[in-house]
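One file, final_8.cif, is given below (mmCIF, C-alpha atoms).
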data_query
loop_
_atom_site.label_atom_id
_atom_site.label_comp_id
_atom_site.auth_asym_id
_atom_site.auth_seq_id
_atom_site.Cartn_x
_atom_site.Cartn_y
_atom_site.Cartn_z
CA MET A 14 34.97 23.10 -4.76
CA ALA A 15 35.75 23.35 -8.45
CA LEU A 16 32.32 22.37 -9.69
CA ALA A 17 30.34 23.96 -12.48
CA GLN A 18 27.86 26.57 -11.36
CA SER A 19 26.26 27.11 -14.73
CA VAL A 20 22.66 28.11 -15.12
CA ALA A 21 20.46 25.49 -16.70
CA SER A 22 17.29 26.36 -18.52
CA LEU A 23 14.90 23.89 -20.10
CA THR A 24 11.47 24.39 -21.54
CA LEU A 25 9.12 21.54 -22.38
CA GLY A 26 6.57 22.93 -24.81
CA SER A 27 4.90 25.77 -22.94
CA THR A 28 4.27 23.87 -19.74
CA ALA A 29 7.51 23.78 -17.79
CA GLN A 30 10.63 25.79 -17.17
CA LEU A 31 13.68 25.13 -15.05
CA GLN A 32 16.16 27.69 -13.85
CA GLY A 33 18.94 27.28 -11.35
CA PRO A 34 22.55 26.18 -10.84
CA SER A 35 23.27 22.73 -12.25
CA SER A 36 24.84 21.60 -8.98
CA ALA A 37 24.67 23.19 -5.56
CA THR A 38 27.45 23.35 -3.06
CA PRO A 39 26.47 21.52 0.13
CA GLY A 40 25.23 24.07 2.62
CA SER A 41 24.24 26.62 0.00
CA VAL A 42 20.72 27.59 -1.03
CA ARG A 43 19.12 24.99 -3.28
CA PRO A 44 18.51 25.59 -7.00
CA SER A 45 15.22 27.25 -7.85
CA LEU A 46 12.74 25.37 -9.99
CA SER A 47 9.50 26.59 -11.42
CA LEU A 48 6.96 24.34 -13.09
CA ARG A 49 4.21 26.26 -14.80
CA SER A 50 1.09 24.61 -16.06
CA ASN A 51 -2.62 24.64 -15.41
CA ALA A 52 -2.05 21.99 -12.77
CA ALA A 53 0.85 23.01 -10.58
CA ALA A 54 3.45 25.50 -9.45
CA PHE A 55 6.65 24.81 -7.56
CA SER A 56 9.58 26.51 -5.90
CA SER A 57 12.28 24.39 -4.28
CA GLN A 58 12.50 26.89 -1.43
CA SER A 59 8.78 27.00 -0.77
CA HIS A 60 6.37 24.33 -1.89
CA PHE A 61 4.89 22.34 -4.73
CA ALA A 62 1.17 21.93 -5.08
CA GLY A 63 -1.43 20.92 -7.62
CA SER A 64 -2.77 17.80 -9.21
CA PHE A 65 0.47 15.97 -8.47
CA GLY A 66 -0.52 15.92 -4.80
CA LEU A 67 2.96 16.71 -3.53
CA SER A 68 4.55 19.31 -1.30
CA TRP A 69 8.21 19.82 -0.46
CA SER A 70 10.26 22.20 1.61
CA ALA A 71 13.90 22.44 2.61
CA GLN A 72 16.34 24.49 4.63
CA SER A 73 19.98 24.85 3.67
CA ASN A 74 22.92 23.19 5.44
CA GLY A 75 21.11 19.86 5.69
CA VAL A 76 19.45 20.88 8.93
CA SER A 77 15.93 19.83 8.16
CA THR A 78 13.82 18.55 5.31
CA SER A 79 10.19 17.72 5.02
CA LYS A 80 8.08 16.30 2.25
CA SER A 81 4.62 14.94 1.88
CA ASN A 82 2.66 12.89 -0.60
CA ARG A 83 -1.13 12.83 -0.37
CA GLY A 84 -1.13 13.71 3.28
CA ALA A 85 1.77 11.56 4.45
CA ALA A 86 4.67 13.46 6.01
CA LEU A 87 8.30 12.78 6.74
CA VAL A 88 10.51 15.05 8.83
CA VAL A 89 14.23 14.46 9.34
CA ARG A 90 16.46 16.65 11.49
CA ALA A 91 20.20 16.21 11.58
CA ALA A 92 22.08 16.36 14.84
CA ALA A 93 24.34 19.40 15.09
CA GLY A 94 28.11 18.89 15.17
CA GLU A 95 28.09 15.37 13.70
CA SER A 96 28.26 16.21 10.01
CA LYS A 97 30.90 14.57 7.83
CA LYS A 98 31.80 15.21 4.22
CA VAL A 99 31.27 12.01 2.26
CA LEU A 100 32.26 11.20 -1.31
CA ILE A 101 30.49 8.28 -2.98
CA VAL A 102 32.16 6.92 -6.12
CA ASN A 103 29.21 5.24 -7.80
CA THR A 104 29.10 2.70 -10.60
CA ASN A 105 27.14 3.63 -13.72
CA SER A 106 25.65 0.19 -14.31
CA GLY A 107 24.51 -3.02 -12.64
CA GLY A 108 22.53 -3.70 -9.51
CA HIS A 109 24.97 -1.98 -7.16
CA ALA A 110 24.24 1.50 -8.55
CA VAL A 111 21.14 1.83 -6.40
CA ILE A 112 23.23 1.35 -3.24
CA GLY A 113 24.93 4.69 -3.82
CA PHE A 114 21.62 6.43 -4.47
CA TRP A 115 19.94 5.32 -1.24
CA THR A 116 23.10 5.67 0.84
CA ALA A 117 23.37 9.30 -0.29
CA LYS A 118 19.80 9.92 0.84
CA ASP A 119 20.31 8.20 4.19
CA LEU A 120 23.57 10.04 4.85
CA VAL A 121 21.89 13.39 4.26
CA ASP A 122 19.07 12.35 6.59
CA ALA A 123 21.74 11.58 9.17
CA GLY A 124 23.15 15.11 8.82
CA HIS A 125 26.13 14.49 6.55
CA SER A 126 27.24 16.42 3.46
CA VAL A 127 27.35 14.18 0.38
CA THR A 128 28.91 14.34 -3.05
CA ILE A 129 28.15 11.46 -5.40
CA LEU A 130 30.48 10.97 -8.33
CA THR A 131 29.04 8.72 -11.03
CA VAL A 132 31.51 7.10 -13.37
CA GLY A 133 31.23 8.36 -16.95
CA GLU A 134 29.41 11.33 -18.47
CA GLU A 135 26.21 13.01 -17.31
CA LEU A 136 24.55 13.00 -20.73
CA SER A 137 25.29 9.36 -21.59
CA ASP A 138 22.42 7.00 -22.35
CA LYS A 139 23.06 5.14 -19.09
CA MET A 140 21.94 8.21 -17.15
CA LYS A 141 18.42 7.87 -18.58
CA LYS A 142 17.85 4.75 -16.47
CA GLN A 143 17.12 4.46 -12.76
CA PRO A 144 18.55 5.35 -10.35
CA PHE A 145 20.55 7.91 -12.35
CA SER A 146 17.45 9.63 -13.73
CA ARG A 147 16.76 10.69 -10.16
CA PHE A 148 20.13 12.34 -9.56
CA ASN A 149 19.57 15.79 -10.99
CA VAL A 150 17.30 18.41 -12.49
CA ILE A 151 18.07 17.83 -16.17
CA SER A 152 17.52 14.09 -16.03
CA PHE A 153 14.31 14.69 -14.11
CA PHE A 154 12.81 16.58 -17.03
CA LEU A 155 14.21 14.28 -19.68
CA MET A 156 12.46 11.39 -17.93
CA PHE A 157 9.16 13.40 -18.01
CA TYR A 158 8.88 14.11 -14.30
CA SER A 159 9.92 10.51 -13.45
CA GLN A 160 11.05 11.49 -9.98
CA PHE A 161 11.40 14.65 -7.94
CA LEU A 162 14.93 16.03 -7.92
CA GLU A 163 15.67 13.57 -5.17
CA LEU A 164 19.39 14.04 -4.70
CA ARG A 165 20.16 17.61 -5.63
CA GLU A 166 17.11 18.94 -3.89
CA ILE A 167 18.21 17.48 -0.55
CA GLY A 168 21.69 18.98 -0.98
CA VAL A 169 23.61 16.10 -2.56
CA GLU A 170 26.20 17.33 -5.01
CA THR A 171 26.19 15.26 -8.20
CA VAL A 172 29.27 15.12 -10.41
CA TRP A 173 30.59 12.82 -13.13
CA GLY A 174 34.10 11.65 -13.84
CA GLU A 175 36.61 8.84 -13.75
CA PRO A 176 37.82 7.04 -10.60
CA SER A 177 41.36 7.17 -11.95
CA ASP A 178 41.28 10.99 -11.82
CA LEU A 179 39.04 12.10 -8.96
CA GLY A 180 40.77 15.46 -8.74
CA ALA A 181 39.45 16.45 -12.14
CA ALA A 182 35.88 15.93 -10.92
CA VAL A 183 35.99 17.31 -7.38
CA GLY A 184 38.85 19.77 -7.63
CA SER A 185 40.48 20.67 -4.34
CA ALA A 186 37.60 19.41 -2.21
CA SER A 187 38.43 17.26 0.77
CA PHE A 188 36.32 14.52 2.32
CA ASP A 189 36.17 12.78 5.67
CA VAL A 190 34.81 9.58 4.17
CA VAL A 191 35.16 7.99 0.73
CA LEU A 192 32.84 5.15 -0.31
CA ASP A 193 33.80 3.14 -3.39
CA ASN A 194 30.66 1.62 -4.88
CA ASN A 195 32.21 1.09 -8.28
CA GLY A 196 35.35 -1.00 -8.52
CA LYS A 197 35.55 -4.78 -8.55
CA THR A 198 39.29 -5.12 -9.06
CA LEU A 199 42.36 -3.60 -7.45
CA ASP A 200 43.43 -1.68 -10.56
CA VAL A 201 40.13 0.26 -10.43
CA VAL A 202 39.86 0.76 -6.66
CA GLN A 203 43.52 1.44 -5.84
CA PRO A 204 43.58 4.94 -7.40
CA VAL A 205 40.48 5.85 -5.38
CA ALA A 206 41.90 4.50 -2.12
CA ASP A 207 45.27 6.13 -2.71
CA TRP A 208 43.61 9.46 -3.52
CA ALA A 209 41.46 9.22 -0.39
CA LYS A 210 44.47 8.63 1.85
CA ALA A 211 46.58 11.32 0.18
CA ASN A 212 43.77 13.85 0.55
CA GLY A 213 43.17 13.24 4.24
CA ALA A 214 40.10 11.01 4.25
CA LYS A 215 39.68 9.42 7.67
CA GLN A 216 37.54 6.49 6.53
CA PHE A 217 37.32 4.35 3.39
CA LEU A 218 34.39 2.04 2.72
CA PHE A 219 34.33 -0.51 -0.09
CA ILE A 220 31.37 -2.32 -1.64
CA SER A 221 32.60 -5.86 -2.20
CA SER A 222 30.42 -8.92 -2.94
CA ALA A 223 29.11 -11.97 -1.10
CA GLY A 224 29.80 -13.82 -4.34
CA ILE A 225 33.42 -14.29 -3.29
CA TYR A 226 32.49 -16.85 -0.60
CA LYS A 227 33.46 -20.40 -1.43
CA SER A 228 30.64 -22.91 -1.73
CA THR A 229 30.01 -24.78 1.48
CA PHE A 230 27.54 -27.22 2.99
CA GLU A 231 27.34 -25.02 6.07
CA GLN A 232 24.98 -22.09 5.58
CA PRO A 233 24.51 -19.19 5.98
CA HIS A 234 27.80 -17.52 5.09
CA VAL A 235 29.17 -15.46 7.97
CA GLU A 236 32.07 -13.04 8.06
CA GLY A 237 35.26 -15.07 8.32
CA ASP A 238 34.13 -17.92 6.08
CA ALA A 239 36.53 -19.01 3.35
CA VAL A 240 36.56 -16.87 0.21
CA LYS A 241 38.07 -17.13 -3.24
CA GLU A 242 41.51 -15.63 -2.67
CA ASP A 243 41.97 -14.79 -6.34
CA ALA A 244 38.72 -12.79 -6.51
CA GLY A 245 39.18 -9.14 -7.39
CA HIS A 246 37.08 -7.98 -4.44
CA LYS A 247 39.27 -9.98 -2.05
CA GLN A 248 42.44 -8.44 -3.47
CA VAL A 249 40.96 -5.00 -2.84
CA GLU A 250 40.14 -5.93 0.75
CA ASN A 251 43.71 -7.14 1.26
CA TYR A 252 45.08 -3.88 -0.11
CA LEU A 253 42.88 -1.74 2.12
CA ALA A 254 43.98 -3.72 5.18
CA GLU A 255 47.62 -2.85 4.44
CA LEU A 256 47.18 0.75 3.26
CA GLY A 257 47.36 2.33 6.71
CA LEU A 258 44.00 4.04 6.64
CA GLU A 259 42.62 5.44 9.89
CA SER A 260 39.45 3.40 9.35
CA TRP A 261 38.31 1.07 6.58
CA ALA A 262 35.61 -1.55 6.10
CA SER A 263 34.28 -3.78 3.35
CA PHE A 264 30.63 -4.62 2.69
CA ARG A 265 29.50 -7.74 0.84
CA PRO A 266 25.99 -7.44 -0.65
CA GLN A 267 24.06 -10.22 -2.36
CA TYR A 268 20.83 -10.01 -4.40
CA MET A 269 18.90 -6.76 -4.02
CA THR A 270 15.44 -5.35 -4.44
CA GLY A 271 14.13 -1.86 -3.91
CA ASP A 272 13.02 1.33 -5.61
CA GLY A 273 15.47 2.47 -8.29
CA ASN A 274 17.12 -0.90 -8.91
CA ASN A 275 17.96 -1.28 -12.60
CA LYS A 276 18.87 -4.97 -12.49
CA ASP A 277 16.12 -7.58 -12.60
CA CYS A 278 15.39 -9.46 -9.40
CA GLU A 279 11.70 -9.87 -8.55
CA GLU A 280 10.89 -8.56 -12.05
CA TRP A 281 11.90 -11.93 -13.51
CA PHE A 282 9.16 -13.58 -11.47
CA PHE A 283 6.63 -10.81 -12.14
CA ASP A 284 7.21 -11.16 -15.90
CA ARG A 285 5.83 -14.68 -15.79
CA ILE A 286 3.17 -14.25 -13.13
CA ALA A 287 1.70 -11.17 -14.86
CA ARG A 288 1.20 -13.14 -18.07
CA GLY A 289 -0.17 -16.28 -16.48
CA ARG A 290 2.88 -18.28 -17.48
CA PRO A 291 4.32 -21.13 -15.40
CA VAL A 292 7.43 -20.10 -13.45
CA PRO A 293 10.32 -22.50 -14.21
CA ILE A 294 12.37 -23.17 -11.06
CA PRO A 295 15.47 -25.41 -10.91
CA SER A 296 14.70 -28.51 -8.83
CA PRO A 297 13.94 -29.00 -6.05
CA GLY A 298 12.88 -25.38 -5.38
CA ILE A 299 13.88 -25.36 -1.72
CA GLN A 300 17.24 -23.73 -2.36
CA VAL A 301 17.65 -20.83 0.07
CA THR A 302 18.89 -17.42 -0.98
CA ASN A 303 18.82 -13.87 0.36
CA ILE A 304 16.93 -11.01 -1.30
CA SER A 305 17.89 -7.82 0.52
CA HIS A 306 16.12 -4.51 0.37
CA VAL A 307 18.53 -1.72 -0.57
CA ARG A 308 17.30 0.36 2.38
CA ASP A 309 18.77 -2.25 4.73
CA LEU A 310 22.09 -1.94 2.92
CA SER A 311 22.13 1.86 2.95
CA SER A 312 21.23 2.01 6.63
CA MET A 313 24.13 -0.31 7.43
CA LEU A 314 26.58 1.86 5.49
CA THR A 315 25.26 5.00 7.16
CA LEU A 316 25.80 3.45 10.57
CA ALA A 317 29.40 2.65 9.62
CA VAL A 318 30.00 6.30 8.71
CA GLY A 319 28.70 7.30 12.13
CA LYS A 320 30.75 4.62 13.92
CA PRO A 321 34.18 4.53 12.24
CA GLU A 322 35.93 2.98 15.23
CA ALA A 323 33.42 0.15 15.48
CA ALA A 324 33.57 -0.48 11.73
CA ASN A 325 37.34 -0.28 11.37
CA GLY A 326 39.01 -3.31 9.80
CA SER A 327 35.76 -5.22 9.49
CA ILE A 328 34.03 -7.26 6.82
CA PHE A 329 30.25 -6.89 6.82
CA ASN A 330 27.75 -9.10 5.04
CA CYS A 331 25.59 -6.30 3.64
CA VAL A 332 22.30 -8.18 3.51
CA SER A 333 18.89 -8.35 5.12
CA ASP A 334 18.55 -10.92 7.88
CA ARG A 335 16.00 -13.35 6.41
CA GLY A 336 16.39 -15.94 3.67
CA THR A 337 13.79 -17.34 1.27
CA THR A 338 13.50 -20.43 -0.90
CA PHE A 339 13.09 -20.19 -4.66
CA ASP A 340 9.56 -21.56 -4.41
CA GLY A 341 8.85 -19.21 -1.52
CA LEU A 342 9.87 -16.23 -3.61
CA VAL A 343 7.45 -17.28 -6.36
CA LYS A 344 4.66 -17.48 -3.79
CA MET A 345 5.47 -14.07 -2.31
CA CYS A 346 5.63 -12.47 -5.76
CA ALA A 347 2.28 -14.02 -6.70
CA LYS A 348 0.68 -12.81 -3.48
CA ALA A 349 2.07 -9.32 -4.01
CA ALA A 350 0.54 -9.30 -7.49
CA GLY A 351 -2.78 -10.71 -6.30
CA LYS A 352 -2.48 -13.55 -8.80
CA GLU A 353 -2.05 -17.31 -8.87
CA ALA A 354 1.30 -18.77 -9.90
CA LYS A 355 2.22 -22.16 -11.30
CA ILE A 356 5.69 -23.56 -10.60
CA VAL A 357 7.52 -25.91 -12.94
CA HIS A 358 10.51 -27.72 -11.44
CA TYR A 359 13.20 -28.88 -13.84
CA ASP A 360 16.74 -30.27 -13.98
CA PRO A 361 18.84 -27.87 -16.09
CA LYS A 362 21.37 -30.55 -17.06
CA ALA A 363 18.72 -33.07 -18.07
CA ILE A 364 16.97 -30.52 -20.27
CA GLY A 365 20.18 -29.07 -21.66
CA VAL A 366 19.80 -25.45 -20.59
CA ASP A 367 22.29 -23.22 -18.85
CA ALA A 368 20.81 -22.44 -15.44
CA LYS A 369 22.76 -19.16 -15.36
CA LYS A 370 20.83 -17.97 -18.40
CA ALA A 371 17.48 -19.55 -17.55
CA PHE A 372 17.27 -18.37 -13.93
CA PRO A 373 18.40 -15.13 -12.24
CA PHE A 374 19.98 -16.65 -9.11
CA ARG A 375 22.67 -19.21 -8.37
CA ASN A 376 21.19 -22.69 -8.49
CA MET A 377 22.27 -23.60 -4.98
CA HIS A 378 21.87 -22.63 -1.35
CA PHE A 379 23.46 -19.19 -1.26
CA TYR A 380 22.70 -16.76 1.50
CA ALA A 381 24.65 -14.73 4.02
CA GLU A 382 23.95 -13.52 7.53
CA PRO A 383 24.62 -9.91 8.68
CA ARG A 384 26.17 -11.04 11.95
CA ALA A 385 29.00 -8.48 12.14
CA ALA A 386 26.68 -5.52 11.45
CA LYS A 387 24.42 -6.53 14.31
CA THR A 388 27.20 -7.08 16.83
CA LYS A 389 29.59 -4.25 15.86
CA LEU A 390 27.27 -1.53 14.56
CA GLY A 391 24.05 -2.32 16.37
CA TRP A 392 22.30 -2.60 13.01
CA GLU A 393 18.79 -4.02 12.63
CA SER A 394 16.81 -4.85 9.51
CA LYS A 395 13.81 -2.57 9.04
CA THR A 396 12.31 -4.20 5.95
CA ASN A 397 9.92 -7.03 5.16
CA LEU A 398 10.32 -8.80 1.82
CA ALA A 399 6.69 -9.85 1.44
CA GLU A 400 5.50 -6.27 2.01
CA ASP A 401 8.26 -4.75 -0.09
CA LEU A 402 7.26 -6.92 -3.04
CA LYS A 403 3.81 -5.33 -3.02
CA ALA A 404 5.40 -1.95 -3.63
CA ARG A 405 7.64 -3.42 -6.29
CA TRP A 406 4.60 -4.89 -8.07
CA GLU A 407 2.91 -1.49 -8.05
CA ASP A 408 5.99 0.04 -9.68
CA TYR A 409 6.16 -2.83 -12.16
CA VAL A 410 2.61 -2.13 -13.31
CA LYS A 411 3.06 1.65 -13.19
CA ILE A 412 5.84 1.57 -15.78
CA GLY A 413 3.80 -0.75 -17.98
CA ARG A 414 6.17 -3.67 -17.90
CA ASP A 415 3.25 -6.06 -17.41
CA LYS A 416 2.17 -5.12 -20.95
CA LYS A 417 5.62 -5.23 -22.51
CA ASP A 418 6.31 -7.77 -25.26
CA ILE A 419 8.78 -10.24 -23.72
CA LYS A 420 10.21 -13.37 -25.33
CA PHE A 421 10.48 -16.55 -23.26
CA GLU A 422 12.54 -18.84 -25.50
CA LEU A 423 14.34 -20.66 -22.69
CA ASP A 424 11.13 -21.02 -20.70
CA ASP A 425 9.43 -22.54 -23.73
CA LYS A 426 12.29 -25.02 -24.16
CA ILE A 427 11.88 -26.08 -20.53
CA LEU A 428 8.09 -26.31 -20.76
CA GLU A 429 8.32 -28.58 -23.80
CA VAL A 430 9.90 -31.19 -21.54
CA VAL A 431 8.18 -30.45 -18.23
CA SER A 432 4.46 -29.99 -18.68
CA GLU A 433 2.91 -30.49 -15.24
CA PRO A 434 3.15 -27.29 -13.18
CA VAL A 435 2.60 -27.22 -9.42
CA THR A 436 0.31 -24.54 -8.00
CA ALA A 437 2.22 -22.10 -5.79
CA ALA A 438 -0.28 -22.22 -2.95
#
Go ahead and render the structure in this file as structure tokens.
Amino acid sequence: MALAQSVASLTLGSTAQLQGPSSATPGSVRPSLSLRSNAAAFSSQSHFAGSFGLSWSAQSNGVSTSKSNRGAALVVRAAAGESKKVLIVNTNSGGHAVIGFWTAKDLVDAGHSVTILTVGEELSDKMKKQPFSRFNVISFFLMFYSQFLELREIGVETVWGEPSDLGAAVGSASFDVVLDNNGKTLDVVQPVADWAKANGAKQFLFISSAGIYKSTFEQPHVEGDAVKEDAGHKQVENYLAELGLESWASFRPQYMTGDGNNKDCEEWFFDRIARGRPVPIPSPGIQVTNISHVRDLSSMLTLAVGKPEAANGSIFNCVSDRGTTFDGLVKMCAKAAGKEAKIVHYDPKAIGVDAKKAFPFRNMHFYAEPRAAKTKLGWESKTNLAEDLKARWEDYVKIGRDKKDIKFELDDKILEVVSEPVTAA
């Protein structure tokens, strides 16, 4: 594979030094990292120990990995003879970026070889944000040890480039599976799909959107419901169906939460709860939506890679299998934070505010059911929103967002009119 094998070296004061190839070919020995300080020492081929309370070890070829944090241990062993080469074309912005990150990790755990191509340039400002700061060694140090070499150290190859010219980024490499987690329109996805077919890929997976479903009084949305035919995602799905691929499938996610997400979801609620502010919710507050954990989405995609025949030609609602009301989400966020929340219900039109700007979700019943994934792939949700929000609150506090200076102009406009909050019991 025509990928740079340069040697990177970075010193932070006199405390840390990094040496090793900037990207490792899947199956080769991992880069070597040394971190020298009074507290810790690390080698990617042996272990890491010290005040950080971490240890890590790996074997090449994706056969086995193990890591521990304060006594907890995780061991994953890939099944021999089932490995596929997977290319993930990953967006460099928006909430969908985290899907590629966790899918890469899950695919490696399942024994596959993964290359993740992020759109754009490695040293751009966008790469300083999550999940990109967790892709590689350099970003790890620039983010002051923000995460632990999570992709490259498990054998994921990380490259940057443009979807219109994949060959320039991956050279002559070939892949069994290509996952497009970037394009929203046919002009962006078509070059990727055409390249995949021309280069012998046996399966093409596309991250679409549940937002293309037409509004309906009958909820939840299931695969086969009417969609907006002029939507860019739908045009891509139509093209893939006619391209003559050996296997293809489309996945329609909705709202997401989870570690590494760089688009606000539960954070919007935490911002208000942390500061003791009322939480303004469009009336009546019983609108149902779906907040999916990204690990449910990545596990579904990983199953599809392992079951190309079962996935072929299918549309999958890529969501967790439980819905929640707007008011219910406030209550769960408050419980996760260990605080009391006050809810203010309001009519956006009566107050004269744009609900799209004042609230992070669609002001309507909008949730989908993962019916096809359960019946065709044997998928099951493994997450629990109420419990997951506790972890998200811990991360929220850890990064200091609870102390950040945030303006609430639209909230204040709403509260001037509606002044009697309801306790979120």
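Remark: for Lys403 of chain A, the closest of the candidate residues A:Ser96, A:Ser305, A:Ser311, A:Thr270 is A:Thr270 (distances computed over only C-alpha atoms).
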d(atom CA of Glu353 of chain A, atom CA of Asn303 of chain A) in Å:
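Answer for the atom CA of Glu353 of chain A to atom CA of Asn303 of chain A separation: 23.1 Å.
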Please determine, counting all atoms listed in the file, which residue among A:Arg414, A:Arg288, A:Lys320, A:Arg384 has the shortest atom-to-atom distance to Ala354 of chain A.
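Using all atoms listed in the file, the shortest distance to Ala354 of chain A belongs to A:Arg288.
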On this structure, which residues satisfy the PyMOL selection byres ((chain A and resi 364-381) around 8), written as a VMD selection string?
chain A and resid 223 232 to 235 267 277 to 278 281 294 to 295 300 to 303 330 332 336 359 to 363 382 to 383 423 to 424 427 430
Hey, what's within 7 Å of Asp193 of chain A if we count all atoms listed in the file and toss same-chain stuff fewer than 5 positions away? As a ChimeraX atom specification, please?
/A:101-103,218-220
Take the PyMOL selection byres ((chain A and resi 112-122) around 7), apply it to the structure above, and return the hits as a list in words.
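Evaluating the PyMOL selection byres ((chain A and resi 112-122) around 7) on this file yields Gly75, Val89, Ala91, Ile101, Asn103, His109, Ala110, Val111, Ala123, Gly124, His125, Ser126, Val127, Pro144, Leu164, Asn194, Val307, Arg308, Ser311, Ser312, Leu314 and Thr315 of chain A.
A straight line drawn from atom CA of Pro291 of chain A to atom CA of Arg405 of chain A is 20.2 Å long.
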Expressed in Å to a single decimal, how great is the separation between atom CA of Ala209 of chain A and atom CA of Asp238 of chain A?
28.8 Å
Go through A:Val357, A:Leu253, A:Ala385, A:Ala244 one by one, measure the shortest atom-to-atom distance of each to Asp425 of chain A using only C-alpha atoms, and give the residue with the smallest value.
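Among the listed residues, the smallest separation from Asp425 of chain A belongs to A:Val357.
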The residues within 6 Å of (36.9, 13.3, 3.3), using only C-alpha atoms and the coordinates of the file, should be reported as JSON, numbers by chain; which are they?
{"A": [98, 99, 187, 188, 189, 190, 214]}
If you apply the PyMOL selection byres ((chain A and resi 257) around 12) to this file, what residues do you get, as an NGL selection string?
:A and (206-207 or 209-211 or 213-217 or 251-256 or 258-261 or 325-326)
Compile the contact shell of Asp243 of chain A as a count of residues only: residues with an atom at most 12 Å away, counting only C-alpha atoms, same-chain residues fewer than 6 positions apart removed.
8
Within 12 Å of segment 388-396 of chain A: each segment 256-304 of chain A residue with its shortest pair, all atoms listed in the file, as CSV:
residue,atom,partner,partner_atom,distance
A:Ala262,CA,A:Lys389,CA,11.8
A:Thr270,CA,A:Thr396,CA,10.9
A:Gly271,CA,A:Thr396,CA,10.3
A:Ile304,CA,A:Thr396,CA,11.0
Using all atoms listed in the file, which residue out of A:Ser221, A:Thr104, A:Thr131, A:Ser327 lies closest to Gly237 of chain A?
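The answer is A:Ser327, which sits nearest to Gly237 of chain A.
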